[in-house]
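Data block for coords23.tsv (TSV, C-alpha atoms):
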chain	number	residue	atom	x	y	z
A	201	MET	CA	55.27	-97.20	130.24
A	202	ASN	CA	53.25	-99.27	127.81
A	203	LYS	CA	51.47	-102.25	129.44
A	204	LYS	CA	52.86	-104.49	126.73
A	205	TYR	CA	56.44	-103.61	127.74
A	206	ILE	CA	55.62	-103.96	131.46
A	207	HIS	CA	54.39	-107.53	130.91
A	208	PHE	CA	57.46	-108.32	128.84
A	209	PHE	CA	59.76	-106.98	131.59
A	210	LEU	CA	57.99	-109.05	134.26
A	211	ILE	CA	58.37	-112.24	132.23
A	212	LEU	CA	62.09	-111.60	131.72
A	213	ASN	CA	62.54	-110.78	135.40
A	214	ILE	CA	60.89	-114.02	136.52
A	215	THR	CA	62.89	-116.06	134.02
A	216	TYR	CA	66.33	-114.74	134.87
A	217	CYS	CA	65.82	-114.41	138.61
A	218	ASN	CA	64.83	-118.09	138.91
A	219	PRO	CA	67.52	-120.05	137.03
A	220	LEU	CA	66.68	-123.40	138.68
A	221	GLN	CA	64.25	-124.93	136.23
A	222	TYR	CA	63.76	-128.47	137.55
A	223	GLY	CA	60.50	-129.15	135.72
A	224	ASN	CA	57.50	-131.09	136.99
A	225	LYS	CA	59.54	-134.23	137.67
A	226	PHE	CA	61.35	-132.75	140.67
A	227	GLU	CA	59.76	-131.17	143.70
A	228	LEU	CA	61.96	-129.49	146.28
A	229	ALA	CA	61.46	-131.21	149.63
A	230	HIS	CA	64.34	-129.89	151.74
A	231	ARG	CA	67.21	-127.46	151.42
A	232	ASN	CA	70.09	-126.39	153.64
A	233	ASP	CA	73.64	-125.12	153.18
A	234	ASP	CA	75.10	-128.58	152.53
A	235	PHE	CA	72.51	-130.67	150.71
A	236	ILE	CA	69.14	-130.54	148.98
A	237	ILE	CA	66.48	-133.22	148.59
A	238	PHE	CA	63.90	-133.53	145.81
A	239	ASN	CA	60.84	-135.75	145.65
A	240	THR	CA	60.89	-137.28	142.18
A	241	THR	CA	57.69	-139.36	142.18
A	242	PRO	CA	54.60	-139.57	144.42
A	243	LYS	CA	54.25	-142.51	146.78
A	244	LYS	CA	52.84	-145.59	145.06
A	245	ILE	CA	53.52	-148.37	147.55
A	246	ASN	CA	50.61	-148.66	150.00
A	247	ASN	CA	51.29	-151.92	151.80
A	248	ILE	CA	54.57	-151.24	153.54
A	249	SER	CA	56.20	-154.09	155.42
A	250	ASN	CA	56.82	-153.70	159.14
A	251	GLN	CA	60.44	-154.70	158.52
A	252	VAL	CA	61.63	-151.52	156.85
A	253	VAL	CA	65.18	-150.23	156.94
A	254	SER	CA	65.57	-148.19	160.11
A	255	ASN	CA	66.85	-144.67	160.43
A	256	GLU	CA	69.79	-146.05	162.40
A	257	LYS	CA	70.86	-148.30	159.51
A	258	LEU	CA	70.56	-145.42	157.06
A	259	TYR	CA	72.83	-143.41	159.34
A	260	LEU	CA	75.37	-146.24	159.58
A	261	PHE	CA	75.41	-146.62	155.81
A	262	PHE	CA	76.18	-142.97	155.10
A	263	LYS	CA	78.65	-142.70	157.96
A	264	ASN	CA	80.65	-145.75	156.85
A	265	ILE	CA	80.82	-145.36	153.08
A	266	TYR	CA	84.19	-144.25	151.73
A	267	TYR	CA	86.62	-144.49	148.85
A	268	LEU	CA	90.39	-144.87	148.71
A	269	LYS	CA	92.34	-141.81	147.65
A	270	SER	CA	95.74	-142.93	146.46
A	271	ASN	CA	99.01	-141.00	146.44
A	272	PRO	CA	102.59	-142.15	145.77
A	273	ILE	CA	103.05	-143.11	149.42
A	274	VAL	CA	99.77	-144.49	150.78
A	275	SER	CA	96.06	-144.91	150.08
A	276	ASP	CA	93.84	-142.95	152.45
A	277	LYS	CA	90.21	-143.61	153.30
A	278	VAL	CA	88.03	-140.64	152.39
A	279	TYR	CA	84.61	-140.67	154.00
A	280	ILE	CA	82.06	-138.77	151.91
A	281	PHE	CA	79.84	-137.88	154.89
A	282	ASP	CA	80.82	-137.02	158.44
A	283	SER	CA	78.73	-138.06	161.44
A	284	ILE	CA	76.67	-134.86	161.50
A	285	GLN	CA	75.80	-134.94	157.80
A	286	SER	CA	75.10	-138.69	157.97
A	287	GLU	CA	72.59	-138.10	160.72
A	288	LYS	CA	70.92	-135.17	158.93
A	289	ILE	CA	70.63	-136.94	155.56
A	290	SER	CA	69.40	-140.24	157.00
A	291	SER	CA	66.79	-138.45	159.12
A	292	LYS	CA	65.48	-136.54	156.11
A	293	ILE	CA	65.29	-139.67	153.96
A	294	PHE	CA	63.36	-141.44	156.70
A	295	GLU	CA	61.11	-138.40	157.09
A	296	TYR	CA	60.22	-138.21	153.38
A	297	SER	CA	59.98	-141.96	152.86
A	298	GLY	CA	56.24	-141.80	153.48
A	299	SER	CA	55.55	-139.35	150.66
A	300	SER	CA	57.78	-140.47	147.79
A	301	ASP	CA	59.11	-143.64	146.19
A	302	HIS	CA	62.23	-141.89	144.91
A	303	LEU	CA	64.38	-139.09	146.30
A	304	LEU	CA	67.18	-137.17	144.64
A	305	ILE	CA	69.89	-135.84	146.97
A	306	ILE	CA	72.60	-133.38	145.96
A	307	TYR	CA	75.35	-132.97	148.55
A	308	LYS	CA	78.36	-130.70	148.52
A	309	ARG	CA	81.54	-130.87	150.57
A	310	GLU	CA	83.69	-127.76	150.51
A	311	GLU	CA	87.38	-127.96	149.73
A	312	PRO	CA	89.15	-127.17	153.06
A	313	MET	CA	91.87	-125.13	151.35
A	314	ALA	CA	89.40	-123.07	149.30
A	315	PRO	CA	85.98	-123.40	150.99
A	316	TYR	CA	84.30	-120.56	149.10
A	317	SER	CA	85.30	-121.42	145.55
A	318	ARG	CA	85.86	-125.19	145.34
A	319	ILE	CA	83.62	-128.11	146.24
A	320	TYR	CA	83.20	-131.87	145.94
A	321	ARG	CA	79.69	-132.77	144.77
A	322	THR	CA	77.86	-136.07	145.26
A	323	CYS	CA	74.47	-136.96	143.75
A	324	ILE	CA	72.35	-139.83	145.01
A	325	ILE	CA	69.08	-141.41	143.90
A	326	VAL	CA	67.26	-143.16	146.76
A	327	SER	CA	64.58	-145.69	145.80
A	328	LEU	CA	62.27	-146.60	148.67
A	329	LEU	CA	60.85	-150.08	148.18
A	330	ALA	CA	58.50	-152.13	150.36
A	331	ASP	CA	61.17	-153.44	152.74
A	332	THR	CA	64.49	-152.34	151.21
A	333	ILE	CA	66.16	-149.12	150.18
A	334	ASN	CA	68.27	-148.82	147.05
A	335	ILE	CA	70.92	-146.08	147.02
A	336	GLN	CA	72.56	-145.25	143.69
A	337	PHE	CA	75.44	-142.80	143.44
A	338	THR	CA	75.24	-141.00	140.10
A	339	GLU	CA	77.99	-138.50	140.88
A	340	ILE	CA	80.72	-139.22	143.40
A	341	GLU	CA	82.82	-136.42	144.87
A	342	LYS	CA	83.08	-134.60	141.56
A	343	TYR	CA	85.44	-131.65	141.90
A	344	TYR	CA	84.12	-128.21	140.90
A	345	ILE	CA	86.19	-125.03	140.72
A	346	PHE	CA	84.39	-121.69	140.54
A	347	GLY	CA	86.01	-118.44	139.52
A	348	ASN	CA	84.40	-116.53	142.36
A	349	GLN	CA	82.58	-117.42	145.56
A	350	PHE	CA	79.99	-120.02	144.58
A	351	THR	CA	76.25	-119.59	145.17
A	352	TYR	CA	73.46	-122.05	145.82
A	353	THR	CA	72.54	-122.26	142.13
A	354	ASP	CA	76.14	-123.11	141.18
A	355	TRP	CA	76.06	-126.52	142.91
A	356	SER	CA	72.35	-127.40	143.10
A	357	PHE	CA	71.75	-128.07	139.40
A	358	ILE	CA	70.41	-131.44	138.29
A	359	SER	CA	72.50	-133.27	135.72
A	360	ASP	CA	70.86	-135.50	133.11
A	361	GLU	CA	73.90	-137.76	132.98
A	362	ASN	CA	74.64	-140.57	135.40
A	363	GLU	CA	78.34	-140.41	136.11
A	364	CYS	CA	80.63	-142.89	137.74
A	365	ASN	CA	83.94	-141.53	138.93
A	366	TYR	CA	86.24	-144.42	138.10
A	367	LYS	CA	88.88	-143.28	140.59
A	368	ASN	CA	86.44	-143.49	143.49
A	369	ASN	CA	85.97	-147.11	144.51
A	370	LEU	CA	83.09	-146.93	146.97
A	371	GLN	CA	83.45	-149.30	149.90
A	372	LEU	CA	81.85	-149.95	153.27
A	373	ASN	CA	83.44	-150.83	156.58
A	374	ASP	CA	83.39	-154.56	157.32
A	375	SER	CA	81.02	-154.06	160.24
A	376	ILE	CA	78.15	-153.16	157.90
A	377	LYS	CA	76.26	-156.43	157.33
A	378	PHE	CA	72.92	-155.26	155.93
A	379	VAL	CA	74.09	-153.86	152.58
A	380	VAL	CA	74.91	-155.59	149.30
A	381	PRO	CA	76.16	-153.99	146.08
A	382	THR	CA	73.68	-154.34	143.21
A	383	ASN	CA	74.43	-154.51	139.53
A	384	SER	CA	72.10	-152.04	137.85
A	385	LYS	CA	74.84	-149.41	137.55
A	386	ILE	CA	78.48	-150.44	137.37
A	387	CYS	CA	81.58	-148.47	136.54
A	388	LYS	CA	83.70	-149.51	133.60
A	389	ASN	CA	86.31	-150.85	136.00
A	390	GLY	CA	83.80	-153.14	137.70
A	391	VAL	CA	83.28	-150.99	140.79
A	392	TYR	CA	79.75	-150.85	142.15
A	393	ASN	CA	78.15	-147.50	142.91
A	394	ASP	CA	74.72	-148.95	143.62
A	395	PHE	CA	73.75	-150.45	147.00
A	396	THR	CA	70.68	-152.11	148.51
A	397	LEU	CA	69.97	-151.83	152.23
A	398	PHE	CA	68.01	-154.60	153.99
A	399	PRO	CA	66.16	-154.48	157.33
A	400	LYS	CA	68.12	-157.51	158.57
A	401	ASP	CA	71.77	-158.44	158.34
A	402	ILE	CA	72.30	-160.44	155.17
A	403	ILE	CA	76.07	-160.96	155.20
A	404	SER	CA	77.27	-163.75	157.47
A	405	ASN	CA	79.52	-162.72	160.31
A	406	LYS	CA	82.32	-165.21	161.00
A	407	LYS	CA	82.38	-164.23	164.66
A	408	SER	CA	78.66	-164.84	165.06
A	409	THR	CA	77.49	-167.90	167.02
A	410	SER	CA	74.02	-167.91	165.42
A	411	ILE	CA	72.75	-171.04	163.62
A	412	PRO	CA	73.75	-170.94	159.94
A	413	LYS	CA	71.05	-170.95	157.29
A	414	THR	CA	70.03	-174.18	155.63
A	415	THR	CA	70.74	-174.79	151.96
A	416	LYS	CA	67.06	-174.26	151.16
A	417	GLU	CA	67.03	-170.93	153.01
A	418	ARG	CA	70.15	-169.78	151.16
A	419	LEU	CA	68.64	-170.78	147.82
A	420	ASP	CA	65.40	-168.99	148.72
A	421	ASP	CA	67.38	-165.84	149.56
A	422	LEU	CA	69.19	-166.14	146.25
A	423	ASP	CA	65.89	-166.50	144.39
A	424	GLU	CA	64.63	-163.38	146.11
A	425	LEU	CA	67.69	-161.40	145.04
A	426	ARG	CA	67.18	-162.47	141.44
A	427	ASN	CA	63.43	-161.79	141.49
A	428	ASN	CA	64.10	-158.30	142.83
A	429	LYS	CA	66.66	-157.81	140.03
A	430	MET	CA	69.49	-157.30	142.49
A	431	ILE	CA	71.64	-159.85	140.67
A	432	ASN	CA	71.61	-160.92	137.05
A	433	GLU	CA	71.13	-164.45	135.69
A	434	LYS	CA	74.86	-165.12	135.35
A	435	GLU	CA	75.53	-164.11	138.96
A	436	TYR	CA	72.53	-166.14	140.10
A	437	ASN	CA	73.75	-169.33	138.44
A	438	LYS	CA	77.27	-168.87	139.78
A	439	LEU	CA	76.07	-168.32	143.36
A	440	ARG	CA	73.59	-171.18	143.13
A	441	GLU	CA	76.31	-173.54	141.94
A	442	LYS	CA	78.53	-172.41	144.81
A	443	ILE	CA	75.81	-173.11	147.38
A	444	LEU	CA	75.04	-176.54	145.94
A	445	ASN	CA	78.74	-177.47	145.88
A	446	GLU	CA	78.93	-176.82	149.62
A	447	ILE	CA	76.40	-179.54	150.39

For this file, produce the structure as structure tokens.
Amino acid sequence: MNKKYIHFFLILNITYCNPLQYGNKFELAHRNDDFIIFNTTPKKINNISNQVVSNEKLYLFFKNIYYLKSNPIVSDKVYIFDSIQSEKISSKIFEYSGSSDHLLIIYKREEPMAPYSRIYRTCIIVSLLADTINIQFTEIEKYYIFGNQFTYTDWSFISDENECNYKNNLQLNDSIKFVVPTNSKICKNGVYNDFTLFPKDIISNKKSTSIPKTTKERLDDLDELRNNKMINEKEYNKLREKILNEI
């Protein structure tokens, strides 16, 4: 066979046998049967605070996040991640937090009635900051139906669009006190799909006997949220007015 045709065949073979073309922006960090993790940018933050979000809090976040699935009779809580997957994902995020500022996670949950041809897919962007972690859901339990048994490449593709499934109102159990919804990505119906995790509890617990924060401390916390762009100016002014009215 002519060398020219051999080279042409090899190029075609490489192209069609490797359909996942993620580009230079994404680097595969971890892969298993249920989720994949990509490093999206190299680590830029050098001076990391000692008060970082722990692996345990990451686990609690993923284990306790859910949405309400309504039917004519009742609304059921649907947890996106079970305990095992919550532990695996949180451990991997914590593991790769030292090498990347941003991680992209693609997670699939198989439809129990058709586990080989139907899935629910969730995509998450994790931003690792100095002492907080921002978790943005860009695709929430999107339902995919495949004609035949799906393969890895069928569900591991990276979408350029940030979706917000308006039917899936993401919520957390009341016991989670170290997470606040942020406002960088909001669904059209006002539902948040973007959360920030803090190393310390930042939501007051009514049952707690601890000393409440002073007005100055509350205003300082509010300033910090605005400076970190976790709330906008309108929300800042409203919350500030509320705090001052309680004096």

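Our summary of the geometry notes that CA of Leu258 in chain A is positioned 14.0 Å from CA of Leu329 in chain A.
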
Just give me the gap between CA of Val278 in chain A and CA of Tyr266 in chain A in Å, one decimal is fine.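 According to the coordinates, CA of Val278 in chain A and CA of Tyr266 in chain A are separated by 5.3 Å.
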
Which polymer residues have any atom within 10 Å of an atom of Asn437 in chain A, counting only C-alpha atoms, with same-chain residues fewer than 6 positions away left out, as number ranges by chain? A: 422, 426, 431, 443

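For the pair CA of Phe235 in chain A and CA of Phe350 in chain A, the separation is 14.4 Å.
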
Find, counting all atoms listed in the file, the residue in A:Thr353, A:Gln336, A:Asn432, A:Asn348 that gets nearest to Phe395 in chain A. A:Gln336

Taking into account only C-alpha atoms, which residue in the set A:Ser291, A:Ser317, A:Thr240, A:Thr332 is nearest to Phe346 in chain A?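 Ranked by minimum distance to Phe346 in chain A, first place goes to A:Ser317.
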
Using only C-alpha atoms, determine which residues lie at most 12 Å from Phe261 in chain A, disregarding the query and same-chain residues fewer than 2 positions distant; provide the list as number ranges by chain. A: 253-259, 263-266, 279-283, 285-287, 289-290, 333-335, 370-380, 395-398

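For the set A:Arg321, A:Lys292, A:Lys225, A:Arg231, the residue with the smallest atom-to-atom gap to Glu339 in chain A is A:Arg321, counting all atoms listed in the file.
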
If you take every atom of range 347-353 of chain A that the file lists and fit an axis-aligned box around them with 5 Å extra on each side, what centre and edge lengths come out in Å to one decimal, as AutoDock Vina command-line options?
--center_x 79.3 --center_y -119.4 --center_z 142.7 --size_x 23.5 --size_y 15.7 --size_z 16.3

Residues near Ala229 in chain A, anyone? I mean within 9 Å using all atoms listed in the file, not counting same-chain ones fewer than 6 positions away, as a compact mmCIF listing (two decimals) with C-alpha atoms, keeping the file's coordinate frame.
# COMPACT_ATOMS: atom_id res chain seq x y z
CA ILE A 236 69.14 -130.54 148.98
CA ILE A 237 66.48 -133.22 148.59
CA PHE A 238 63.90 -133.53 145.81
CA ASN A 239 60.84 -135.75 145.65
CA TYR A 296 60.22 -138.21 153.38
